[in-house]
$ cat data-v5.cif   # mmCIF, C-alpha atoms and all ligand atoms; chains and numbers go by the auth columns
data_work
#
loop_
_atom_site.group_PDB
_atom_site.id
_atom_site.type_symbol
_atom_site.label_atom_id
_atom_site.label_comp_id
_atom_site.label_asym_id
_atom_site.label_seq_id
_atom_site.Cartn_x
_atom_site.Cartn_y
_atom_site.Cartn_z
_atom_site.B_iso_or_equiv
_atom_site.auth_seq_id
_atom_site.auth_asym_id
ATOM 1 C CA MET A 1 13.995 165.164 73.883 0.00 23 A
ATOM 2 C CA PHE A 2 15.878 162.064 72.709 0.00 24 A
ATOM 3 C CA VAL A 3 15.304 158.494 73.878 0.00 25 A
ATOM 4 C CA PRO A 4 17.857 156.155 72.274 0.00 26 A
ATOM 5 C CA PRO A 5 16.733 153.002 70.470 0.00 27 A
ATOM 6 C CA ASP A 6 17.736 149.632 71.997 0.00 28 A
ATOM 7 C CA LYS A 7 20.899 149.622 69.882 0.00 29 A
ATOM 8 C CA ILE A 8 22.707 152.116 67.687 0.00 30 A
ATOM 9 C CA GLU A 9 24.819 150.329 65.070 0.00 31 A
ATOM 10 C CA THR A 10 28.084 151.415 63.479 0.00 32 A
ATOM 11 C CA ASP A 11 30.373 149.340 61.252 0.00 33 A
ATOM 12 C CA ARG A 12 32.072 147.472 64.107 0.00 34 A
ATOM 13 C CA LEU A 13 30.160 148.528 67.217 0.00 35 A
ATOM 14 C CA TRP A 14 26.870 148.594 69.022 0.00 36 A
ATOM 15 C CA LEU A 15 25.983 151.497 71.329 0.00 37 A
ATOM 16 C CA ARG A 16 23.390 150.600 73.940 0.00 38 A
ATOM 17 C CA ALA A 17 22.153 151.564 77.410 0.00 39 A
ATOM 18 C CA PHE A 18 24.086 150.325 80.442 0.00 40 A
ATOM 19 C CA THR A 19 22.659 147.448 82.504 0.00 41 A
ATOM 20 C CA PRO A 20 23.633 146.002 85.918 0.00 42 A
ATOM 21 C CA ALA A 21 25.404 143.169 84.035 0.00 43 A
ATOM 22 C CA ASP A 22 28.059 145.676 82.882 0.00 44 A
ATOM 23 C CA LEU A 23 29.572 145.979 86.379 0.00 45 A
ATOM 24 C CA ASP A 24 32.562 143.666 85.890 0.00 46 A
ATOM 25 C CA GLU A 25 33.619 145.143 82.559 0.00 47 A
ATOM 26 C CA LEU A 26 33.046 148.728 83.708 0.00 48 A
ATOM 27 C CA HIS A 27 35.081 148.017 86.836 0.00 49 A
ATOM 28 C CA ASP A 28 37.888 146.603 84.706 0.00 50 A
ATOM 29 C CA ILE A 29 38.014 149.931 82.863 0.00 51 A
ATOM 30 C CA ARG A 30 37.423 152.430 85.655 0.00 52 A
ATOM 31 C CA SER A 31 39.733 150.791 88.214 0.00 53 A
ATOM 32 C CA ARG A 32 42.781 151.429 85.969 0.00 54 A
ATOM 33 C CA PRO A 33 44.905 154.478 86.852 0.00 55 A
ATOM 34 C CA GLU A 34 46.107 154.893 83.251 0.00 56 A
ATOM 35 C CA VAL A 35 42.536 155.429 82.058 0.00 57 A
ATOM 36 C CA HIS A 36 42.234 158.383 84.460 0.00 58 A
ATOM 37 C CA THR A 37 45.496 160.146 83.595 0.00 59 A
ATOM 38 C CA TYR A 38 43.680 162.992 81.830 0.00 60 A
ATOM 39 C CA LEU A 39 40.259 162.683 83.484 0.00 61 A
ATOM 40 C CA TYR A 40 39.156 164.797 86.446 0.00 62 A
ATOM 41 C CA GLY A 41 38.728 161.765 88.699 0.00 63 A
ATOM 42 C CA GLU A 42 40.971 158.950 89.952 0.00 64 A
ATOM 43 C CA ALA A 43 40.700 155.175 89.532 0.00 65 A
ATOM 44 C CA LEU A 44 37.557 153.853 91.222 0.00 66 A
ATOM 45 C CA THR A 45 36.877 151.033 93.648 0.00 67 A
ATOM 46 C CA ARG A 46 34.285 148.389 92.805 0.00 68 A
ATOM 47 C CA ASP A 47 31.752 150.086 95.110 0.00 69 A
ATOM 48 C CA GLU A 48 32.377 153.424 93.418 0.00 70 A
ATOM 49 C CA VAL A 49 31.957 151.840 89.985 0.00 71 A
ATOM 50 C CA LYS A 50 28.712 150.200 91.154 0.00 72 A
ATOM 51 C CA ALA A 51 27.406 153.609 92.307 0.00 73 A
ATOM 52 C CA LYS A 52 28.435 155.158 88.980 0.00 74 A
ATOM 53 C CA LEU A 53 26.713 152.362 87.054 0.00 75 A
ATOM 54 C CA ASP A 54 23.519 152.733 89.118 0.00 76 A
ATOM 55 C CA GLU A 55 23.532 156.468 88.408 0.00 77 A
ATOM 56 C CA ARG A 56 24.027 155.881 84.679 0.00 78 A
ATOM 57 C CA ILE A 57 21.107 153.465 84.557 0.00 79 A
ATOM 58 C CA ALA A 58 18.808 155.689 86.628 0.00 80 A
ATOM 59 C CA LYS A 59 19.622 159.132 85.313 0.00 81 A
ATOM 60 C CA MET A 60 21.688 159.023 82.129 0.00 82 A
ATOM 61 C CA SER A 61 19.662 156.966 79.684 0.00 83 A
ATOM 62 C CA ARG A 62 17.828 159.752 77.815 0.00 84 A
ATOM 63 C CA LEU A 63 18.025 163.441 77.008 0.00 85 A
ATOM 64 C CA THR A 64 14.885 165.136 78.241 0.00 86 A
ATOM 65 C CA GLN A 65 16.055 168.700 78.850 0.00 87 A
ATOM 66 C CA PRO A 66 19.201 170.838 78.904 0.00 88 A
ATOM 67 C CA GLY A 67 21.476 169.648 81.699 0.00 89 A
ATOM 68 C CA ASP A 68 20.817 165.963 80.939 0.00 90 A
ATOM 69 C CA SER A 69 23.580 163.542 79.927 0.00 91 A
ATOM 70 C CA LEU A 70 23.244 160.333 77.924 0.00 92 A
ATOM 71 C CA LEU A 71 25.856 157.638 78.494 0.00 93 A
ATOM 72 C CA LEU A 72 25.973 154.671 76.154 0.00 94 A
ATOM 73 C CA ALA A 73 27.983 151.474 76.502 0.00 95 A
ATOM 74 C CA VAL A 74 30.241 150.676 73.529 0.00 96 A
ATOM 75 C CA VAL A 75 30.132 146.997 72.528 0.00 97 A
ATOM 76 C CA ARG A 76 32.318 145.281 69.933 0.00 98 A
ATOM 77 C CA LYS A 77 30.173 143.341 67.468 0.00 99 A
ATOM 78 C CA ASP A 78 32.895 140.774 66.827 0.00 100 A
ATOM 79 C CA THR A 79 33.451 139.715 70.457 0.00 101 A
ATOM 80 C CA GLY A 80 30.463 141.132 72.362 0.00 102 A
ATOM 81 C CA ALA A 81 32.879 142.818 74.780 0.00 103 A
ATOM 82 C CA MET A 82 31.775 146.061 76.421 0.00 104 A
ATOM 83 C CA ILE A 83 34.854 148.193 75.771 0.00 105 A
ATOM 84 C CA GLY A 84 33.873 151.574 77.177 0.00 106 A
ATOM 85 C CA ASP A 85 31.406 154.389 76.912 0.00 107 A
ATOM 86 C CA VAL A 86 30.546 157.491 74.995 0.00 108 A
ATOM 87 C CA ASN A 87 28.542 160.365 76.373 0.00 109 A
ATOM 88 C CA ILE A 88 26.686 163.417 75.243 0.00 110 A
ATOM 89 C CA GLU A 89 25.598 166.246 77.502 0.00 111 A
ATOM 90 C CA TRP A 90 22.875 168.674 76.450 0.00 112 A
ATOM 91 C CA LEU A 91 24.569 171.814 77.729 0.00 113 A
ATOM 92 C CA SER A 92 22.217 174.640 76.922 0.00 114 A
ATOM 93 C CA GLY A 93 18.757 175.145 75.464 0.00 115 A
ATOM 94 C CA PRO A 94 18.923 178.844 74.482 0.00 116 A
ATOM 95 C CA HIS A 95 22.412 178.497 73.007 0.00 117 A
ATOM 96 C CA GLN A 96 21.731 175.028 71.525 0.00 118 A
ATOM 97 C CA GLN A 97 25.017 173.534 72.690 0.00 119 A
ATOM 98 C CA ALA A 98 26.074 169.971 73.480 0.00 120 A
ATOM 99 C CA GLU A 99 29.303 168.275 74.558 0.00 121 A
ATOM 100 C CA ILE A 100 30.628 164.809 73.764 0.00 122 A
ATOM 101 C CA GLY A 101 33.120 162.558 75.533 0.00 123 A
ATOM 102 C CA TYR A 102 34.444 158.994 75.618 0.00 124 A
ATOM 103 C CA VAL A 103 36.369 156.513 77.771 0.00 125 A
ATOM 104 C CA LEU A 104 37.624 153.164 76.477 0.00 126 A
ATOM 105 C CA HIS A 105 39.431 150.113 77.831 0.00 127 A
ATOM 106 C CA PRO A 106 43.171 150.415 77.028 0.00 128 A
ATOM 107 C CA ASP A 107 43.167 147.033 75.252 0.00 129 A
ATOM 108 C CA HIS A 108 41.016 148.657 72.579 0.00 130 A
ATOM 109 C CA TYR A 109 42.855 151.972 72.074 0.00 131 A
ATOM 110 C CA GLY A 110 44.292 152.909 68.692 0.00 132 A
ATOM 111 C CA LYS A 111 41.771 151.029 66.555 0.00 133 A
ATOM 112 C CA GLY A 112 39.514 153.949 65.727 0.00 134 A
ATOM 113 C CA PHE A 113 36.792 152.795 68.105 0.00 135 A
ATOM 114 C CA ALA A 114 36.400 156.107 69.986 0.00 136 A
ATOM 115 C CA THR A 115 36.009 157.977 66.719 0.00 137 A
ATOM 116 C CA GLU A 116 33.553 155.420 65.340 0.00 138 A
ATOM 117 C CA ALA A 117 31.507 155.369 68.547 0.00 139 A
ATOM 118 C CA SER A 118 31.353 159.171 68.711 0.00 140 A
ATOM 119 C CA ARG A 119 29.977 159.785 65.224 0.00 141 A
ATOM 120 C CA PRO A 120 26.419 158.804 66.235 0.00 142 A
ATOM 121 C CA LEU A 121 26.656 161.321 69.086 0.00 143 A
ATOM 122 C CA LEU A 122 27.156 164.149 66.604 0.00 144 A
ATOM 123 C CA ARG A 123 24.132 162.920 64.681 0.00 145 A
ATOM 124 C CA ILE A 124 22.062 162.853 67.882 0.00 146 A
ATOM 125 C CA ALA A 125 23.248 166.356 68.786 0.00 147 A
ATOM 126 C CA PHE A 126 22.514 167.936 65.435 0.00 148 A
ATOM 127 C CA GLU A 127 19.497 165.957 64.221 0.00 149 A
ATOM 128 C CA GLU A 128 17.682 165.108 67.451 0.00 150 A
ATOM 129 C CA LEU A 129 18.635 167.956 69.809 0.00 151 A
ATOM 130 C CA LYS A 130 18.931 170.474 66.959 0.00 152 A
ATOM 131 C CA ALA A 131 22.229 171.645 68.412 0.00 153 A
ATOM 132 C CA HIS A 132 23.916 174.652 66.855 0.00 154 A
ATOM 133 C CA ARG A 133 27.377 173.771 68.194 0.00 155 A
ATOM 134 C CA VAL A 134 28.970 170.682 69.752 0.00 156 A
ATOM 135 C CA ILE A 135 32.173 170.798 71.779 0.00 157 A
ATOM 136 C CA GLY A 136 34.735 168.392 73.178 0.00 158 A
ATOM 137 C CA ARG A 137 37.061 169.404 76.014 0.00 159 A
ATOM 138 C CA LEU A 138 40.304 167.725 77.025 0.00 160 A
ATOM 139 C CA ASP A 139 43.536 168.067 78.905 0.00 161 A
ATOM 140 C CA ALA A 140 45.978 169.586 76.411 0.00 162 A
ATOM 141 C CA ARG A 141 48.332 166.624 76.962 0.00 163 A
ATOM 142 C CA ASN A 142 45.663 164.127 75.860 0.00 164 A
ATOM 143 C CA GLU A 143 46.789 163.890 72.243 0.00 165 A
ATOM 144 C CA ALA A 144 44.754 160.760 71.493 0.00 166 A
ATOM 145 C CA SER A 145 41.561 162.553 72.517 0.00 167 A
ATOM 146 C CA GLY A 146 42.460 165.577 70.396 0.00 168 A
ATOM 147 C CA ARG A 147 42.989 163.286 67.420 0.00 169 A
ATOM 148 C CA VAL A 148 39.548 161.733 67.934 0.00 170 A
ATOM 149 C CA LEU A 149 37.872 165.151 67.839 0.00 171 A
ATOM 150 C CA ALA A 150 39.906 166.257 64.819 0.00 172 A
ATOM 151 C CA LYS A 151 38.990 163.033 62.985 0.00 173 A
ATOM 152 C CA LEU A 152 35.331 163.795 63.760 0.00 174 A
ATOM 153 C CA GLY A 153 35.733 167.045 61.842 0.00 175 A
ATOM 154 C CA MET A 154 35.920 169.321 64.870 0.00 176 A
ATOM 155 C CA ARG A 155 38.080 172.452 64.944 0.00 177 A
ATOM 156 C CA LYS A 156 40.517 173.277 67.724 0.00 178 A
ATOM 157 C CA GLU A 157 39.040 176.515 69.052 0.00 179 A
ATOM 158 C CA ALA A 158 40.838 177.205 72.297 0.00 180 A
ATOM 159 C CA HIS A 159 43.882 176.285 74.316 0.00 181 A
ATOM 160 C CA PHE A 160 43.549 177.671 77.824 0.00 182 A
ATOM 161 C CA VAL A 161 46.800 177.782 79.765 0.00 183 A
ATOM 162 C CA ASP A 162 46.868 176.507 83.345 0.00 184 A
ATOM 163 C CA ASN A 163 43.148 177.269 83.710 0.00 185 A
ATOM 164 C CA GLU A 164 42.240 174.286 85.885 0.00 186 A
ATOM 165 C CA PHE A 165 43.731 172.828 89.062 0.00 187 A
ATOM 166 C CA VAL A 166 43.274 169.064 88.737 0.00 188 A
ATOM 167 C CA LYS A 167 44.659 166.348 90.997 0.00 189 A
ATOM 168 C CA GLY A 168 47.295 168.608 92.528 0.00 190 A
ATOM 169 C CA GLU A 169 48.575 170.419 89.434 0.00 191 A
ATOM 170 C CA TRP A 170 47.675 173.231 87.080 0.00 192 A
ATOM 171 C CA CYS A 171 46.397 171.848 83.797 0.00 193 A
ATOM 172 C CA SER A 172 45.713 173.383 80.411 0.00 194 A
ATOM 173 C CA GLU A 173 42.409 172.740 78.692 0.00 195 A
ATOM 174 C CA VAL A 174 41.797 172.465 74.945 0.00 196 A
ATOM 175 C CA VAL A 175 38.364 172.937 73.370 0.00 197 A
ATOM 176 C CA TYR A 176 37.306 171.544 69.995 0.00 198 A
ATOM 177 C CA ALA A 177 33.997 172.458 68.342 0.00 199 A
ATOM 178 C CA ILE A 178 31.863 171.861 65.283 0.00 200 A
ATOM 179 C CA LEU A 179 28.853 173.874 64.122 0.00 201 A
ATOM 180 C CA ALA A 180 25.698 172.383 62.635 0.00 202 A
ATOM 181 C CA ARG A 181 26.464 173.938 59.231 0.00 203 A
ATOM 182 C CA GLU A 182 29.966 172.436 59.269 0.00 204 A
ATOM 183 C CA TRP A 183 28.572 169.016 60.166 0.00 205 A
ATOM 184 C CA VAL A 184 26.022 169.195 57.312 0.00 206 A
ATOM 185 C CA ALA A 185 28.730 170.247 54.840 0.00 207 A
ATOM 186 C CA ARG A 186 31.029 167.465 56.020 0.00 208 A
ATOM 187 C CA ASP A 187 28.255 164.879 56.008 0.00 209 A
ATOM 188 C CA SER A 188 27.092 165.732 52.499 0.00 210 A
ATOM 189 C CA ALA A 189 30.689 165.645 51.263 0.00 211 A
ATOM 190 C CA GLY A 190 30.678 161.957 52.285 0.00 212 A
HETATM 191 C C1 LIG B . 41.003 159.103 74.207 0.00 1 B
HETATM 192 C C2 LIG B . 40.585 157.679 73.835 0.00 1 B
HETATM 193 C C3 LIG B . 39.084 157.539 74.009 0.00 1 B
HETATM 194 C C4 LIG B . 40.958 157.427 72.367 0.00 1 B
HETATM 195 O O1 LIG B . 40.396 156.187 71.975 0.00 1 B
HETATM 196 P P1 LIG B . 40.874 155.399 70.660 0.00 1 B
HETATM 197 O O2 LIG B . 39.819 154.391 70.321 0.00 1 B
HETATM 198 O O3 LIG B . 42.264 154.945 70.839 0.00 1 B
HETATM 199 O O4 LIG B . 40.799 156.563 69.581 0.00 1 B
HETATM 200 P P2 LIG B . 40.965 156.359 68.011 0.00 1 B
HETATM 201 O O5 LIG B . 41.653 155.047 67.732 0.00 1 B
HETATM 202 O O6 LIG B . 39.635 156.617 67.400 0.00 1 B
HETATM 203 O O7 LIG B . 41.958 157.550 67.649 0.00 1 B
HETATM 204 C C5 LIG B . 43.107 157.767 68.432 0.00 1 B
HETATM 205 C C6 LIG B . 44.073 158.617 67.649 0.00 1 B
HETATM 206 O O8 LIG B . 45.053 159.137 68.556 0.00 1 B
HETATM 207 C C7 LIG B . 46.333 158.699 68.167 0.00 1 B
HETATM 208 N N1 LIG B . 47.066 158.497 69.419 0.00 1 B
HETATM 209 C C8 LIG B . 46.906 157.511 70.308 0.00 1 B
HETATM 210 N N2 LIG B . 47.740 157.699 71.345 0.00 1 B
HETATM 211 C C9 LIG B . 48.422 158.842 71.081 0.00 1 B
HETATM 212 C C10 LIG B . 49.421 159.570 71.775 0.00 1 B
HETATM 213 N N3 LIG B . 49.889 159.164 72.957 0.00 1 B
HETATM 214 N N4 LIG B . 49.889 160.696 71.218 0.00 1 B
HETATM 215 C C11 LIG B . 49.430 161.120 70.023 0.00 1 B
HETATM 216 N N5 LIG B . 48.453 160.476 69.332 0.00 1 B
HETATM 217 C C12 LIG B . 47.973 159.352 69.864 0.00 1 B
HETATM 218 C C13 LIG B . 46.121 157.453 67.370 0.00 1 B
HETATM 219 O O9 LIG B . 47.201 157.212 66.502 0.00 1 B
HETATM 220 C C14 LIG B . 44.836 157.833 66.616 0.00 1 B
HETATM 221 O O10 LIG B . 45.108 158.734 65.564 0.00 1 B
HETATM 222 P P3 LIG B . 45.146 158.250 64.017 0.00 1 B
HETATM 223 O O11 LIG B . 43.850 157.544 63.748 0.00 1 B
HETATM 224 O O12 LIG B . 45.320 159.509 63.267 0.00 1 B
HETATM 225 O O13 LIG B . 46.314 157.299 63.941 0.00 1 B
HETATM 226 C C15 LIG B . 41.279 156.623 74.721 0.00 1 B
HETATM 227 O O14 LIG B . 42.661 156.860 74.671 0.00 1 B
HETATM 228 C C16 LIG B . 40.819 156.665 76.164 0.00 1 B
HETATM 229 O O15 LIG B . 39.774 156.101 76.510 0.00 1 B
HETATM 230 N N6 LIG B . 41.597 157.316 77.046 0.00 1 B
HETATM 231 C C17 LIG B . 41.290 157.357 78.471 0.00 1 B
HETATM 232 C C18 LIG B . 40.078 158.220 78.775 0.00 1 B
HETATM 233 C C19 LIG B . 40.206 159.606 78.164 0.00 1 B
HETATM 234 O O16 LIG B . 41.248 160.253 78.251 0.00 1 B
HETATM 235 N N7 LIG B . 39.086 160.052 77.557 0.00 1 B
HETATM 236 C C20 LIG B . 39.040 161.336 76.887 0.00 1 B
HETATM 237 C C21 LIG B . 38.848 162.422 77.870 0.00 1 B
HETATM 238 S S1 LIG B . 38.894 164.024 77.056 0.00 1 B
#

$ encode --input "data-v5.cif" --output "structure tokens" --more "lines below"
Ligand SMILES: CC(C)(COP(=O)(O)OP(=O)(O)OC[C@H]1O[C@@H](n2cnc3c(N)ncnc32)[C@H](O)[C@@H]1OP(=O)(O)O)[C@@H](O)C(=O)NCCC(=O)NCCS
Amino acid sequence: MFVPPDKIETDRLWLRAFTPADLDELHDIRSRPEVHTYLYGEALTRDEVKAKLDERIAKMSRLTQPGDSLLLAVVRKDTGAMIGDVNIEWLSGPHQQAEIGYVLHPDHYGKGFATEASRPLLRIAFEELKAHRVIGRLDARNEASGRVLAKLGMRKEAHFVDNEFVKGEWCSEVVYAILAREWVARDSAG
């Protein structure tokens, strides 16, 4: 069980729960086709974003049991802008697995924000959920996402070829992972 504090702080960011006031900024992100290039879904309408936001607020604000997801808004400390989200899904109890993910506004790509915002998720997974292994999955063409996971200290474990049919084409999926013992070793190395 993990209930996040009001704010999780990193050097340049706050992570916090979503609120209804995030609708405009979330819509600005999720209505952009380029954001969805390597996601399962397509760009969303304002009504679809509103439904997604309502669901996040109602069901994705804590990790109570395996199967739950926690989605946190990523806020820049310097401007107060909500620039995207990071998520962690508690995949399995018996196997102690979790998965992380992230989606940012294109104006804020390439500044290390996804990596910075994801580090607290690994801490939550390993220290709060007592995860044994955390994964990240991506379309093999999504090089920026692969870089984020590599910079987090995760190993590329799998490259499945044409294993998923997404938005009208066969796509290849890459899986990165990190074990609890690897995270502890990396963390203590500074
Ligand atoms: C994936 C995503 C979250 C990355 O966010 P970000 O804040 O730019 O990530 P970071 O700045 O922490 O790191 C990005 C790394 O990828 C590199 N990169 C960016 N675009 C790249 C590209 N087209 N090809 C190769 N590398 C790329 C950057 O140089 C950086 O690496 P470096 O630090 O070694 O220079 C962002 O692109 C995004 O939100 N994309 C749309 C949603 C998405 O695809 N989410 C992931 C689903 S698996």

$ atom_distance --input "data-v5.cif" --atom1 "atom CA of Val183 of chain A" --atom2 "atom CA of Arg52 of chain A"
27.7 Å

$ axis_aligned_box --input "data-v5.cif" --around "ligand LIG 1 (chain B)" --padding-each-side "3 Å" --output "AutoDock Vina command-line options"
--center_x 44.4 --center_y 159.2 --center_z 71.0 --size_x 17.0 --size_y 15.6 --size_z 21.5

$ residues_near_ligand --input "data-v5.cif" --ligand "ligand LIG 1 (chain B)" --cutoff "7 Å" --atoms "only C-alpha atoms and all ligand atoms" --output "number ranges by chain"
A: 57-61, 123-128, 130-138, 159-161, 164-167, 169-170

$ residues_around --input "data-v5.cif" --residues "Ala95 of chain A" --least-positions-apart "5" --cutoff "8 Å" --atoms "all atoms listed in the file" --output "ChimeraX atom specification"
/A:37-40,104-108

$ closest_residue --input "data-v5.cif" --among "A:Ala80, A:Val25, A:Leu171, A:Ala103" --to "Glu47 of chain A" --atoms "all atoms listed in the file"
A:Ala103

$ residues_near_point --input "data-v5.cif" --point "(14.9, 162.0, 72.5)" --cutoff "9 Å" --atoms "only C-alpha atoms" --output "PyMOL selection string"
chain A and resi 23-26+84-86+146+150-151

$ atom_distance --input "data-v5.cif" --atom1 "atom CA of Val206 of chain A" --atom2 "atom CA of His154 of chain A"
11.2 Å

$ residues_around --input "data-v5.cif" --residues "Ile110 of chain A" --least-positions-apart "5" --cutoff "7 Å" --atoms "only C-alpha atoms" --output "compact mmCIF listing (two decimals) with C-alpha atoms, in the frame of the given file"
# COMPACT_ATOMS: atom_id res chain seq x y z
CA SER A 91 23.58 163.54 79.93
CA LEU A 92 23.24 160.33 77.92
CA LEU A 93 25.86 157.64 78.49
CA ALA A 120 26.07 169.97 73.48
CA GLU A 121 29.30 168.28 74.56
CA ILE A 122 30.63 164.81 73.76
CA GLY A 123 33.12 162.56 75.53
CA LEU A 143 26.66 161.32 69.09

$ closest_residue --input "data-v5.cif" --among "A:Thr41, A:Gln119, A:Asn185, A:Thr101" --to "Met82 of chain A" --atoms "only C-alpha atoms"
A:Thr41

$ closest_residue --input "data-v5.cif" --among "A:Ala180, A:Leu113, A:Leu45, A:Val196" --to "Asp90 of chain A" --atoms "only C-alpha atoms"
A:Leu113

$ resolve_selection --input "data-v5.cif" --expression "the PyMOL selection byres (((chain A and resi 118) around 12) and not hetatm)" --output "VMD selection string"
chain A and resid 87 to 89 111 to 117 119 to 121 147 to 157 201 to 202

$ closest_residue --input "data-v5.cif" --among "A:Ala162, A:Glu70, A:Arg208, A:Glu195" --to "Met176 of chain A" --atoms "all atoms listed in the file"
A:Arg208

$ resolve_selection --input "data-v5.cif" --expression "the PyMOL selection byres (((chain A and resi 189) around 9) and not hetatm)" --output "list of chain:residue names"
A:Tyr62, A:Gly63, A:Glu64, A:Phe187, A:Val188, A:Gly190, A:Glu191, A:Trp192

$ decode --input "data-v5.cif" --residues "segment 41-89 of chain A" --atoms "C-alpha atoms" --output "tab-separated table (two decimals), in the first residue's frame"
chain	number	residue	atom	x	y	z
A	41	THR	CA	-6.82	17.87	-9.87
A	42	PRO	CA	-9.72	19.10	-12.06
A	43	ALA	CA	-7.71	22.33	-12.62
A	44	ASP	CA	-5.22	20.34	-14.75
A	45	LEU	CA	-7.72	19.92	-17.62
A	46	ASP	CA	-6.40	22.67	-19.90
A	47	GLU	CA	-2.75	21.68	-19.58
A	48	LEU	CA	-3.50	17.96	-19.87
A	49	HIS	CA	-5.59	18.65	-22.96
A	50	ASP	CA	-2.74	20.64	-24.47
A	51	ILE	CA	-0.54	17.56	-24.10
A	52	ARG	CA	-2.93	14.75	-24.97
A	53	SER	CA	-4.54	16.45	-27.99
A	54	ARG	CA	-1.18	16.46	-29.85
A	55	PRO	CA	-0.67	13.67	-32.41
A	56	GLU	CA	3.12	13.78	-32.01
A	57	VAL	CA	2.82	12.86	-28.34
A	58	HIS	CA	0.96	9.68	-29.34
A	59	THR	CA	3.33	8.48	-32.07
A	60	TYR	CA	4.59	5.59	-29.95
A	61	LEU	CA	1.66	5.25	-27.53
A	62	TYR	CA	-1.15	2.73	-27.97
A	63	GLY	CA	-3.79	5.44	-28.26
A	64	GLU	CA	-4.42	8.42	-30.56
A	65	ALA	CA	-4.70	12.14	-29.81
A	66	LEU	CA	-7.70	12.84	-27.56
A	67	THR	CA	-10.57	15.29	-27.72
A	68	ARG	CA	-11.25	17.61	-24.79
A	69	ASP	CA	-14.11	15.36	-23.63
A	70	GLU	CA	-11.85	12.32	-23.78
A	71	VAL	CA	-9.15	14.14	-21.81
A	72	LYS	CA	-11.76	15.19	-19.23
A	73	ALA	CA	-12.84	11.54	-18.84
A	74	LYS	CA	-9.19	10.47	-18.50
A	75	LEU	CA	-8.56	13.17	-15.89
A	76	ASP	CA	-11.67	12.15	-13.91
A	77	GLU	CA	-10.48	8.54	-13.95
A	78	ARG	CA	-7.00	9.54	-12.78
A	79	ILE	CA	-8.43	11.52	-9.88
A	80	ALA	CA	-10.91	8.81	-8.87
A	81	LYS	CA	-8.90	5.66	-9.36
A	82	MET	CA	-5.20	6.36	-9.87
A	83	SER	CA	-4.12	8.33	-6.83
A	84	ARG	CA	-2.77	5.50	-4.63
A	85	LEU	CA	-1.43	1.97	-4.80
A	86	THR	CA	-3.57	-0.26	-2.64
A	87	GLN	CA	-3.13	-3.66	-4.27
A	88	PRO	CA	-1.59	-5.33	-7.32
A	89	GLY	CA	-3.35	-4.10	-10.45
